[in-house]
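S.K.: upload.txt is the file, holding compact mmCIF, C-alpha atoms:
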# COMPACT_ATOMS: atom_id res chain seq x y z
CA MET A 1 0.00 0.00 0.00
CA HIS A 2 2.90 2.33 0.73
CA ILE A 3 3.89 2.04 -2.94
CA PHE A 4 0.83 4.23 -3.68
CA ALA A 5 1.75 6.91 -1.11
CA ASN A 6 2.85 8.92 -4.15
CA PRO A 7 -0.35 10.28 -5.81
CA ALA A 8 1.35 10.42 -9.25
CA ARG A 9 2.14 6.69 -9.06
CA PHE A 10 -1.40 5.96 -7.85
CA LEU A 11 -2.90 7.96 -10.75
CA ARG A 12 -0.78 6.10 -13.33
CA LEU A 13 -2.47 2.88 -12.19
CA ALA A 14 -5.92 4.35 -11.42
CA ARG A 15 -6.49 5.87 -14.88
CA PRO A 16 -6.57 2.62 -16.92
CA LEU A 17 -8.06 0.66 -14.00
CA THR A 18 -11.12 2.95 -13.71
CA ALA A 19 -12.29 2.19 -17.24
CA TRP A 20 -11.50 -1.52 -16.96
CA LEU A 21 -13.40 -1.92 -13.68
CA GLY A 22 -16.33 0.21 -14.87
CA TRP A 23 -16.90 -1.59 -18.17
CA SER A 24 -16.37 -5.13 -16.83
CA GLY A 25 -18.57 -4.37 -13.80
CA GLY A 26 -21.34 -2.95 -15.99
CA LEU A 27 -21.18 -5.97 -18.31
CA LEU A 28 -21.35 -8.47 -15.44
CA VAL A 29 -24.26 -6.61 -13.79
CA ALA A 30 -26.20 -6.59 -17.08
CA LEU A 31 -25.52 -10.33 -17.57
CA ALA A 32 -26.49 -11.19 -13.97
CA LEU A 33 -29.70 -9.15 -13.95
CA ALA A 34 -30.77 -10.58 -17.33
CA GLY A 35 -30.06 -14.07 -15.97
CA GLY A 36 -31.87 -13.29 -12.72
CA LEU A 37 -34.94 -11.95 -14.49
CA LEU A 38 -35.16 -14.32 -17.46
CA LEU A 39 -33.26 -17.56 -16.75
CA SER A 40 -33.39 -18.27 -13.02
CA PRO A 41 -36.53 -20.04 -11.73
CA ARG A 42 -39.21 -18.54 -9.45
CA ASP A 43 -39.16 -19.64 -5.83
CA TYR A 44 -41.76 -22.19 -4.73
CA LEU A 45 -42.65 -20.06 -1.65
CA GLN A 46 -41.80 -16.47 -2.57
CA GLY A 47 -42.76 -16.66 -6.25
CA GLU A 48 -41.28 -14.01 -8.57
CA THR A 49 -40.26 -11.68 -5.72
CA VAL A 50 -37.20 -13.84 -5.07
CA ARG A 51 -35.63 -12.02 -8.07
CA ILE A 52 -35.24 -8.93 -5.84
CA MET A 53 -32.39 -10.91 -4.22
CA TYR A 54 -30.13 -10.18 -7.24
CA VAL A 55 -30.07 -6.44 -6.44
CA HIS A 56 -30.76 -6.51 -2.68
CA VAL A 57 -27.94 -8.87 -1.61
CA PRO A 58 -25.13 -7.13 -3.60
CA ALA A 59 -26.32 -3.75 -2.22
CA ALA A 60 -26.22 -5.13 1.35
CA TRP A 61 -22.75 -6.61 0.74
CA LEU A 62 -21.45 -3.29 -0.64
CA GLY A 63 -22.99 -1.23 2.18
CA MET A 64 -21.10 -3.39 4.71
CA ALA A 65 -17.92 -3.91 2.65
CA GLY A 66 -17.87 -0.15 2.01
CA TRP A 67 -17.71 0.61 5.73
CA ALA A 68 -15.06 -2.13 6.21
CA GLY A 69 -12.97 -0.42 3.50
CA LEU A 70 -13.60 3.00 5.06
CA ALA A 71 -12.47 1.69 8.47
CA ALA A 72 -9.33 0.08 6.96
CA ALA A 73 -8.46 3.36 5.20
CA SER A 74 -9.10 5.26 8.46
CA LEU A 75 -6.73 2.91 10.30
CA MET A 76 -4.04 3.49 7.63
CA GLN A 77 -4.58 7.23 7.98
CA ILE A 78 -4.23 7.20 11.79
CA VAL A 79 -1.40 4.65 12.12
CA TRP A 80 0.75 5.17 9.03
CA ARG A 81 -0.46 8.65 7.98
CA HIS A 82 -0.80 7.31 4.43
CA PRO A 83 -1.42 10.40 2.25
CA LEU A 84 -4.12 8.72 0.14
CA ALA A 85 -5.95 6.98 2.99
CA ALA A 86 -8.19 9.94 3.91
CA VAL A 87 -8.95 10.50 0.20
CA ALA A 88 -9.91 6.82 -0.17
CA ALA A 89 -12.11 6.82 2.97
CA ARG A 90 -13.98 9.94 1.83
CA ALA A 91 -14.36 8.47 -1.68
CA ILE A 92 -15.96 5.31 -0.26
CA ALA A 93 -18.46 7.12 2.02
CA VAL A 94 -21.03 8.36 -0.54
CA PRO A 95 -21.22 5.14 -2.65
CA GLY A 96 -21.39 3.14 0.60
CA ALA A 97 -24.32 5.25 1.78
CA VAL A 98 -26.10 4.94 -1.59
CA PHE A 99 -25.78 1.13 -1.64
CA THR A 100 -26.95 0.93 2.00
CA ALA A 101 -30.00 3.02 1.05
CA ILE A 102 -30.62 0.76 -1.99
CA CYS A 103 -30.40 -2.28 0.31
CA LEU A 104 -32.95 -0.80 2.74
CA ALA A 105 -35.34 0.30 -0.04
CA THR A 106 -35.22 -3.00 -1.98
CA GLY A 107 -35.48 -4.96 1.28
CA SER A 108 -38.59 -3.01 2.22
CA ILE A 109 -40.11 -3.66 -1.22
CA TRP A 110 -39.26 -7.38 -0.87
CA GLY A 111 -40.72 -7.49 2.66
CA ARG A 112 -44.19 -6.24 1.68
CA PRO A 113 -45.28 -9.28 -0.42
CA THR A 114 -43.16 -11.78 1.59
CA TRP A 115 -43.78 -10.75 5.22
CA GLY A 116 -46.87 -8.53 4.76
CA THR A 117 -45.06 -5.42 6.03
CA TRP A 118 -42.80 -2.72 4.56
CA TRP A 119 -40.75 -2.40 7.75
CA GLU A 120 -40.08 -4.20 11.03
CA TRP A 121 -37.81 -2.93 13.81
CA ASP A 122 -35.85 -6.17 13.99
CA GLY A 123 -32.10 -6.59 14.48
CA ARG A 124 -31.02 -6.87 10.84
CA MET A 125 -33.11 -3.99 9.47
CA THR A 126 -32.43 -1.66 12.40
CA SER A 127 -28.65 -2.27 12.37
CA MET A 128 -28.62 -1.63 8.60
CA LEU A 129 -30.50 1.65 9.16
CA VAL A 130 -27.91 2.55 11.83
CA LEU A 131 -25.20 1.92 9.19
CA LEU A 132 -26.90 4.44 6.87
CA PHE A 133 -26.93 7.04 9.67
CA LEU A 134 -23.26 6.28 10.40
CA TYR A 135 -22.46 7.01 6.75
CA PHE A 136 -24.37 10.33 6.97
CA GLY A 137 -22.45 11.22 10.15
CA TYR A 138 -19.09 10.35 8.55
CA ILE A 139 -19.84 12.37 5.38
CA ALA A 140 -20.87 15.44 7.42
CA LEU A 141 -17.85 15.17 9.74
CA ALA A 142 -15.31 14.60 6.93
CA GLU A 143 -16.71 17.51 4.90
CA ALA A 144 -16.69 19.85 7.93
CA GLU A 145 -13.05 18.92 8.67
CA ARG A 146 -12.06 19.37 5.02
CA GLU A 147 -13.63 22.85 4.91
CA LYS A 148 -11.65 23.84 8.00
CA GLY A 149 -8.45 22.54 6.38
CA GLY A 150 -8.04 19.69 8.89
CA GLU A 151 -6.41 16.31 8.24
CA GLY A 152 -9.65 14.43 8.85
CA ARG A 153 -8.45 12.61 11.98
CA LEU A 154 -11.80 12.98 13.78
CA ALA A 155 -13.60 11.48 10.78
CA ALA A 156 -11.02 8.65 10.73
CA ILE A 157 -11.67 7.86 14.41
CA PHE A 158 -15.42 7.93 13.69
CA GLY A 159 -14.82 5.53 10.77
CA LEU A 160 -12.99 3.08 13.04
CA VAL A 161 -15.53 3.26 15.89
CA GLY A 162 -18.43 2.81 13.45
CA ALA A 163 -17.00 -0.57 12.38
CA VAL A 164 -18.42 -1.96 15.66
CA ASN A 165 -21.78 -2.04 13.85
CA LEU A 166 -20.56 -4.52 11.19
CA PRO A 167 -20.55 -7.69 13.37
CA VAL A 168 -23.90 -6.56 14.84
CA ILE A 169 -25.38 -6.52 11.30
CA HIS A 170 -23.80 -9.87 10.42
CA TYR A 171 -24.85 -11.75 13.56
CA SER A 172 -28.20 -9.97 14.12
CA VAL A 173 -30.16 -12.84 12.52
CA LEU A 174 -28.54 -15.27 14.99
CA TRP A 175 -28.72 -13.10 18.11
CA TRP A 176 -32.35 -11.99 17.82
CA ARG A 177 -35.56 -13.59 16.55
CA SER A 178 -36.12 -11.89 13.24
CA LEU A 179 -38.41 -11.81 10.23
CA HIS A 180 -35.24 -11.65 8.14
CA GLN A 181 -33.99 -15.02 6.94
CA GLY A 182 -30.75 -16.44 8.32
CA GLN A 183 -27.45 -16.78 6.53
CA SER A 184 -27.83 -18.57 3.17
CA ILE A 185 -24.20 -18.51 1.98
CA GLY A 186 -21.37 -19.33 4.36
CA THR A 187 -17.91 -20.84 4.42
CA SER A 188 -19.46 -24.33 4.58
CA GLY A 189 -21.46 -23.84 1.38
CA SER A 190 -24.73 -22.44 0.07
CA LYS A 191 -28.37 -23.24 0.81
CA ILE A 192 -29.38 -21.62 -2.50
CA ALA A 193 -29.93 -23.80 -5.58
CA GLY A 194 -27.26 -23.50 -8.29
CA SER A 195 -29.77 -22.11 -10.84
CA MET A 196 -30.41 -19.15 -8.49
CA LEU A 197 -26.90 -18.89 -7.11
CA TRP A 198 -24.94 -18.07 -10.29
CA PRO A 199 -26.79 -14.81 -11.14
CA LEU A 200 -26.38 -13.76 -7.48
CA LEU A 201 -22.61 -14.36 -7.49
CA VAL A 202 -22.15 -12.68 -10.89
CA ALA A 203 -24.25 -9.69 -9.70
CA ALA A 204 -22.19 -9.44 -6.50
CA ILE A 205 -18.91 -9.46 -8.48
CA GLY A 206 -20.28 -7.00 -11.08
CA PHE A 207 -21.61 -4.50 -8.53
CA THR A 208 -18.31 -4.78 -6.58
CA LEU A 209 -16.27 -3.92 -9.69
CA LEU A 210 -18.62 -0.96 -10.37
CA PHE A 211 -18.23 0.16 -6.76
CA ALA A 212 -14.42 0.04 -7.12
CA ALA A 213 -14.64 2.10 -10.35
CA ILE A 214 -16.84 4.68 -8.58
CA VAL A 215 -14.37 4.94 -5.68
CA LEU A 216 -11.44 5.41 -8.10
CA MET A 217 -13.37 8.15 -9.99
CA ARG A 218 -14.12 9.96 -6.72
CA MET A 219 -10.46 9.63 -5.60
CA ARG A 220 -9.25 11.04 -8.93
CA ALA A 221 -11.71 13.95 -8.62
CA ALA A 222 -10.54 14.67 -5.04
CA LEU A 223 -6.84 14.57 -6.04
CA ALA A 224 -7.46 16.91 -8.99
CA ARG A 225 -9.36 19.34 -6.71
CA GLN A 226 -6.49 19.22 -4.19
CA LYS A 227 -4.06 20.10 -7.00
CA VAL A 228 -6.22 23.08 -8.05
CA GLU A 229 -6.60 24.30 -4.45
CA ALA A 230 -2.83 24.04 -3.85
CA ARG A 231 -2.15 26.03 -7.04
CA MET A 232 -4.70 28.70 -6.01
CA ARG A 233 -3.02 29.01 -2.59
CA ARG A 234 0.40 29.41 -4.23
CA LEU A 235 -0.97 32.12 -6.52
CA ALA A 236 -2.63 33.94 -3.61
CA ALA A 237 0.58 33.87 -1.48
CA MET B 1 -50.49 -6.10 -6.66
CA SER B 2 -48.57 -8.50 -8.92
CA HIS B 3 -45.21 -9.81 -7.75
CA TRP B 4 -43.62 -8.38 -10.90
CA ALA B 5 -44.57 -4.84 -9.80
CA PHE B 6 -42.46 -5.27 -6.64
CA VAL B 7 -39.58 -6.74 -8.70
CA ALA B 8 -39.75 -3.83 -11.20
CA ALA B 9 -39.77 -1.22 -8.39
CA ALA B 10 -36.74 -2.81 -6.68
CA TYR B 11 -34.75 -3.05 -9.94
CA ALA B 12 -35.67 0.55 -10.88
CA ILE B 13 -34.38 1.87 -7.53
CA ALA B 14 -31.19 -0.21 -7.68
CA LEU B 15 -30.38 0.73 -11.29
CA ALA B 16 -31.28 4.42 -10.86
CA GLY B 17 -29.09 4.62 -7.73
CA THR B 18 -26.14 2.84 -9.35
CA LEU B 19 -26.30 4.68 -12.69
CA GLY B 20 -26.82 8.03 -10.93
CA LEU B 21 -23.75 7.36 -8.79
CA VAL B 22 -21.62 6.33 -11.79
CA GLY B 23 -22.78 9.37 -13.81
CA ALA B 24 -22.25 11.89 -10.98
CA SER B 25 -18.81 10.46 -10.08
CA PHE B 26 -17.70 10.42 -13.74
CA ALA B 27 -18.87 14.02 -14.30
CA ALA B 28 -17.14 15.23 -11.11
CA MET B 29 -13.91 13.44 -12.10
CA ARG B 30 -13.91 14.82 -15.66
CA SER B 31 -14.60 18.40 -14.57
CA ALA B 32 -12.00 18.34 -11.74
CA GLU B 33 -9.31 16.79 -13.97
CA ALA B 34 -10.08 19.26 -16.80
CA GLU B 35 -9.76 22.17 -14.34
CA ALA B 36 -6.43 20.83 -13.03
CA GLU B 37 -5.18 20.31 -16.59
CA ALA B 38 -6.23 23.84 -17.62
CA MET B 39 -4.40 25.29 -14.61
CA LYS B 40 -1.25 23.36 -15.56
CA GLY B 41 -1.41 24.98 -19.01
CA GLU B 42 -1.61 28.47 -17.49
CA ARG B 43 1.89 28.19 -15.97
Can you dump the structure from the file as structure tokens?
M.R.:
Amino acid sequence: MHIFANPARFLRLARPLTAWLGWSGGLLVALALAGGLLLSPRDYLQGETVRIMYVHVPAAWLGMAGWAGLAAASLMQIVWRHPLAAVAARAIAVPGAVFTAICLATGSIWGRPTWGTWWEWDGRMTSMLVLLFLYFGYIALAEAEREKGGEGRLAAIFGLVGAVNLPVIHYSVLWWRSLHQGQSIGTSGSKIAGSMLWPLLVAAIGFTLLFAAIVLMRMRAALARQKVEARMRRLAA
Amino acid sequence: MSHWAFVAAAYAIALAGTLGLVGASFAAMRSAEAEAEAMKGER
């Protein structure tokens, strides 16, 4: 990671990688959603609504993985003072919040025909809503620190502390009685039939590549803005 | 309401959110990099 402490070196890699990740992610998402809508079978209990899984599960994964990435970048910022770590954490925050919101919205839409309710204050849904509020808090704090010219250390500490919510989300279906179904895919295998599993895995990979492309675009934008601001300060001095 | 209406609503939200995010991030990156490039030319 320290190899990329030099922004010029990072940008040399990020420029071709952004397009590659974006196009391959978009292609895989299109393939997975077409497969999920047209090729995979309906569920014997849930009927056609099971197809919501192909957008809901990747969004949930990215909402949680986004905060894990944000916390890792925050740790690198605090411990090693990596110059790109704060830029990376801030670049992850908005896409992480959007995918968490997509997860909550699609989950609510899936819940209405399956459980008979749009919302239930159970462990999984509530902890996911807390994650969305944590993202909002991080975005507001990081932006306030940036405007004051700070290094973003408070936001980094907030990013690390907020990671406490991740195991709560993961284990919520085991710790509390919940309307939400338990874990379907684990290290020991999958409870989902192969005909439904492949579009889910392809969608998860595709959305992850798109997420990475979005983060790189936001990092490139932030680095370019930093360059402009530094130049303006030099001119003003 | 048909099951397909729920599926369509969920896909519309997911795709609108993802495409909106890609579009906004791409536009912000292009405009920031163009501004930085223009400033380099002013030297």
S.K.: List as a list of chain:residue names the protein and nucleic acid residues near A:Ser24, meaning an atom at most 9 Å away when all atoms listed in the file are counted, but skip any in the same chain fewer than 5 places from it.
M.R.: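 What passes the distance filter is A:Ala19, A:Val29, A:Gly206, A:Leu209, A:Leu210.
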S.K.: For chain B, work out the contacting residues on chain A at 10 Å, counting only C-alpha atoms, and write them as JSON, numbers by chain.
M.R.: {"A": [18, 22, 26, 29, 33, 37, 46, 47, 48, 49, 50, 51, 52, 53, 54, 55, 56, 59, 91, 94, 95, 98, 99, 101, 102, 103, 105, 106, 107, 108, 109, 110, 111, 112, 113, 114, 207, 210, 211, 213, 214, 215, 216, 217, 218, 219, 220, 221, 222, 223, 224, 225, 226, 227, 228, 229, 231, 232]}
S.K.: What separation in Å, quoted to one decimal, exists between atom CA of A:Val79 and atom CA of A:Ala212?
M.R.: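 So the two atoms, atom CA of A:Val79 and atom CA of A:Ala212, lie 23.7 Å apart.
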S.K.: Work out how far apart atom CA of A:Ala30 and atom CA of A:Gly96 are and give it in Å to one decimal.
M.R.: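 Separation of atom CA of A:Ala30 and atom CA of A:Gly96: 20.7 Å.
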S.K.: Using only C-alpha atoms, determine which residues lie at most 12 Å from A:Ser184, disregarding the query and same-chain residues fewer than 6 positions distant; provide the list as a PyMOL selection string.
M.R.: chain A and resi 53+57+173+190-193+196-197+200
S.K.: Can you tell me, as a compact mmCIF listing (two decimals) with C-alpha atoms, in the frame of the given file, what residues are no more than 12 Å from A:Ala140 when counting only C-alpha atoms, ignoring any on the same chain fewer than 3 positions away?
M.R.:
# COMPACT_ATOMS: atom_id res chain seq x y z
CA ARG A 90 -13.98 9.94 1.83
CA ALA A 93 -18.46 7.12 2.02
CA VAL A 94 -21.03 8.36 -0.54
CA PHE A 133 -26.93 7.04 9.67
CA LEU A 134 -23.26 6.28 10.40
CA TYR A 135 -22.46 7.01 6.75
CA PHE A 136 -24.37 10.33 6.97
CA GLY A 137 -22.45 11.22 10.15
CA GLU A 143 -16.71 17.51 4.90
CA ALA A 144 -16.69 19.85 7.93
CA GLU A 145 -13.05 18.92 8.67
CA ARG A 146 -12.06 19.37 5.02
CA GLU A 147 -13.63 22.85 4.91
CA GLY A 152 -9.65 14.43 8.85
CA LEU A 154 -11.80 12.98 13.78
CA ALA A 155 -13.60 11.48 10.78
CA PHE A 158 -15.42 7.93 13.69
S.K.: Have a look at atom CA of A:Pro58 and atom CA of A:Arg15 and let me know their distance in Å, one decimal.
M.R.: 25.4 Å
S.K.: In file coordinates, which residues lie within 12 Å of (-11.6, -0.2, 14.2) using only C-alpha atoms, given as a list in words?
M.R.: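 Returned residue set, sorted by chain then number, is Trp67, Ala68, Gly69, Leu70, Ala71, Ala72, Ala73, Ser74, Leu75, Met76, Gln77, Ile78, Val79, Ala156, Ile157, Phe158, Gly159, Leu160, Val161, Gly162, Ala163, Val164, Asn165, Leu166 and Pro167 of chain A.
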S.K.: Every residue with an atom at most 12 Å from (-25.7, -9.3, 11.6) (file coordinates; all atoms listed in the file) is what I'm after, so could you write them as a PyMOL selection string?
M.R.: chain A and resi 60-61+64+122-128+131+164-178+180-183
S.K.: Box in all listed atoms of stretch 12-15 of chain B, axis-aligned, with 6 Å more on each side; write out centre and edge lengths in Å to one decimal as JSON.
M.R.:
{"center_x": -33.0, "center_y": 0.8, "center_z": -9.4, "size_x": 17.3, "size_y": 14.1, "size_z": 15.8}
S.K.: Closest to A:Trp115 among A:Ala203, A:Ala89, A:Leu13, A:Leu45, using only C-alpha atoms?
M.R.: A:Leu45
